[in-house]
Structures are given as structure tokens and as C-alpha cells.
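Visitor: What follows is a structure written as C-alpha cells; I'll ask about it next.
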Amino acid sequence: MDCVFCRIVKGEIPCTKVYEDDEFVAFRDIIPQAPVHIVLVPKRHIPDMSGLDVLPEVAVGLSRAIYLTATRVGLRDYRLVSNNGTGAGQTVLHFHFHILGGWEQPPNIT
């Protein structure tokens with residue numbers, strides 16, 4: 001398996017980490033879509049959200065990791081994006097969230 005996020009977690013690909021705990025790592029996106037664009041991934045390879053059904057401990061820590069990551073980078077207001085499956089636009093098949101924020105004016109997206 002050649003998963004770019006697994007390679008980042010293992011330290012094989014460099015990244016700018018902003019948060020890490022036992023279950024998650026968060027790092028700055030290399031092609032940001034917002035003034036602040038962080039990617040949060042579980043350290044275990046989980047292809048998509050369906051994996052949370054069998055790994056409930058990851059689901060439990062997810063909200064905490066999102067909150068702590070956003071706080072650490074100074075975001076109070078932010079958007080969470082997670083595409084689930086290729087039909088929804090998921091290009092890296094390792095479950096992850098994008099934490100987007102830092103706009104002067106909110107983006108015109110729904």
C-alpha cells in the first residue's frame with residue numbers, strides 16, 4: 001500500500017505538523033484552499049468513514065483532535081470538509097478532515 005498520508009504519519013514524507021496525539025496528526029496542506037488549511041488524519045490507515053464503525057475509539061477522539069488543532073493554529077471560526085469515497089471527490093483513500101479558516105470575509109460556499 002502506498003498511501004501518502006501513511007507515509008506522512010511514518011515520517012517518510014516531510015510536513016509542517018501543527019498537532020499530534022496518540023491517534024491523530026494534523027499538518028498544513030501543501031496546496032492550501034484557504035488562508036489556514038490543515039489536514040487532520042488518523043495515524044491508523046482507515047480508507048474512509050466506514051472504518052469508524054469498527055474503530056469507535058478513533059471516532060471518539062476525532063472531535064477533540066479537530067478542536068485542539070483549530071485552537072492551536074488560532075482558528076475560532078472554521079469549516080470542516082471530509083469527502084467520503086471517490087464518488088464524493090476523495091482523492092487520498094485515507095480518512096481525513098480539512099480544517100479551513102482564516103478568511104477576512106466568509107467564503108460564499110454552502
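Ligands are numbered from 1 in the order shown, chains are lettered A, B, ... in the order of the C-alpha cells, and residues start at 1 in each chain.
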Would you list, as a list in words, the residues of chain A that end up in strand (DSSP E) under DSSP run on this structure's backbone?

Guide: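 These are the residues in question: Lys17, Val18, Tyr19, Glu20, Phe24, Val25, Ala26, Phe27, Arg28, Val36, His37, Ile38, Val39, Leu40, Val41, Pro42, Tyr78, Arg79, Leu80, Val81, Phe97, His98, Ile99, Leu100 and Gly101 of chain A.
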
Visitor: Do a neighbour search on Val73 in chain A at 9 Å with only C-alpha atoms, toss out local chain neighbours closer than 3 positions, and write the hits as a list of chain:residue names.

Guide: A:Val18, A:Tyr19, A:Val36, A:Ile38, A:Leu68, A:Thr69, A:Ala70

Visitor: For C-alpha atoms, I'd like the residues from the last selection saved as a tab-separated table (two decimals), in the first residue's frame.

Guide:
chain	number	residue	atom	x	y	z
A	18	VAL	CA	0.59	21.60	13.92
A	19	TYR	CA	-0.91	18.94	16.19
A	36	VAL	CA	-5.36	28.44	7.02
A	38	ILE	CA	-4.92	21.99	7.91
A	68	LEU	CA	-7.37	21.19	19.64
A	69	THR	CA	-5.89	21.54	16.16
A	70	ALA	CA	-8.07	24.55	15.30

Visitor: Which is closer to Cys6 in chain A than all the others in A:His37, A:Arg28, A:His96, A:Arg64, using only C-alpha atoms?

Guide: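 Ranked by minimum distance to Cys6 in chain A, first place goes to A:His96.
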
Visitor: Could you give me, as a list of chain:residue names, the residues within 12 Å of Pro32 in chain A, counting only C-alpha atoms and dropping anything in the same chain fewer than 6 positions from it?

Guide: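 Result of the neighbour search: A:Ile38, A:Val39, A:His98, A:Ile99, A:Leu100, A:Gly101, A:Gly102.
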
Visitor: How far is it from CA of Thr16 in chain A to CA of Gly87 in chain A, in Å with one decimal?

Guide: 29.0 Å

Visitor: Check the smallest atom-to-atom distance from each of A:Ile8, A:Tyr78, A:Asp48, A:Asp21 to Ala65 in chain A using only C-alpha atoms, then report the winner.

Guide: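 Under the stated criterion, the closest residue is A:Asp21.
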
Visitor: Taking the backbone alone, and naming residues the way the document does, which bits of range 9-92 of chain A are alpha helix (DSSP H) by DSSP, as a list in words?

Guide: Val9, Pro56, Glu57, Val58, Ala59, Val60, Gly61, Leu62, Ser63, Arg64, Ala65, Ile66, Tyr67, Leu68, Thr69, Ala70, Thr71 and Arg72 of chain A

Visitor: Which of these residues is nearest to Gly85 in chain A, using only C-alpha atoms: A:His45, A:Ser50, A:Ile31, A:Cys3?

Guide: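 The closest residue to Gly85 in chain A is A:Ser50.
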
Visitor: Counting only C-alpha atoms, which of A:Phe24, A:Leu40, A:Glu104, A:Lys17 gets nearest to Asp77 in chain A?

Guide: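 Checking each of A:Phe24, A:Leu40, A:Glu104, A:Lys17 against Asp77 in chain A, counting only C-alpha atoms, the winner is A:Glu104.
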
Visitor: Record the distance separating CA of Glu20 in chain A and CA of Ser82 in chain A, expressed in Å with one decimal.

Guide: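 One can read the CA of Glu20 in chain A to CA of Ser82 in chain A distance as 19.0 Å.
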
Visitor: Please determine, counting only C-alpha atoms, which residue among A:Val92, A:Ala34, A:Leu80, A:Val9 has the shortest atom-to-atom distance to Tyr67 in chain A.

Guide: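 Of all the options, A:Leu80 lies closest to Tyr67 in chain A.
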
Visitor: Using only C-alpha atoms, which residue out of A:Leu93, A:Asn83, A:Ala26, A:Met49 lies closest to Asp2 in chain A?

Guide: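 Looking only at the distances to Asp2 in chain A, the closest residue turns out to be A:Leu93.
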
Visitor: In Å, how far is it from CA of Val4 in chain A to CA of Val25 in chain A?

Guide: 13.2 Å
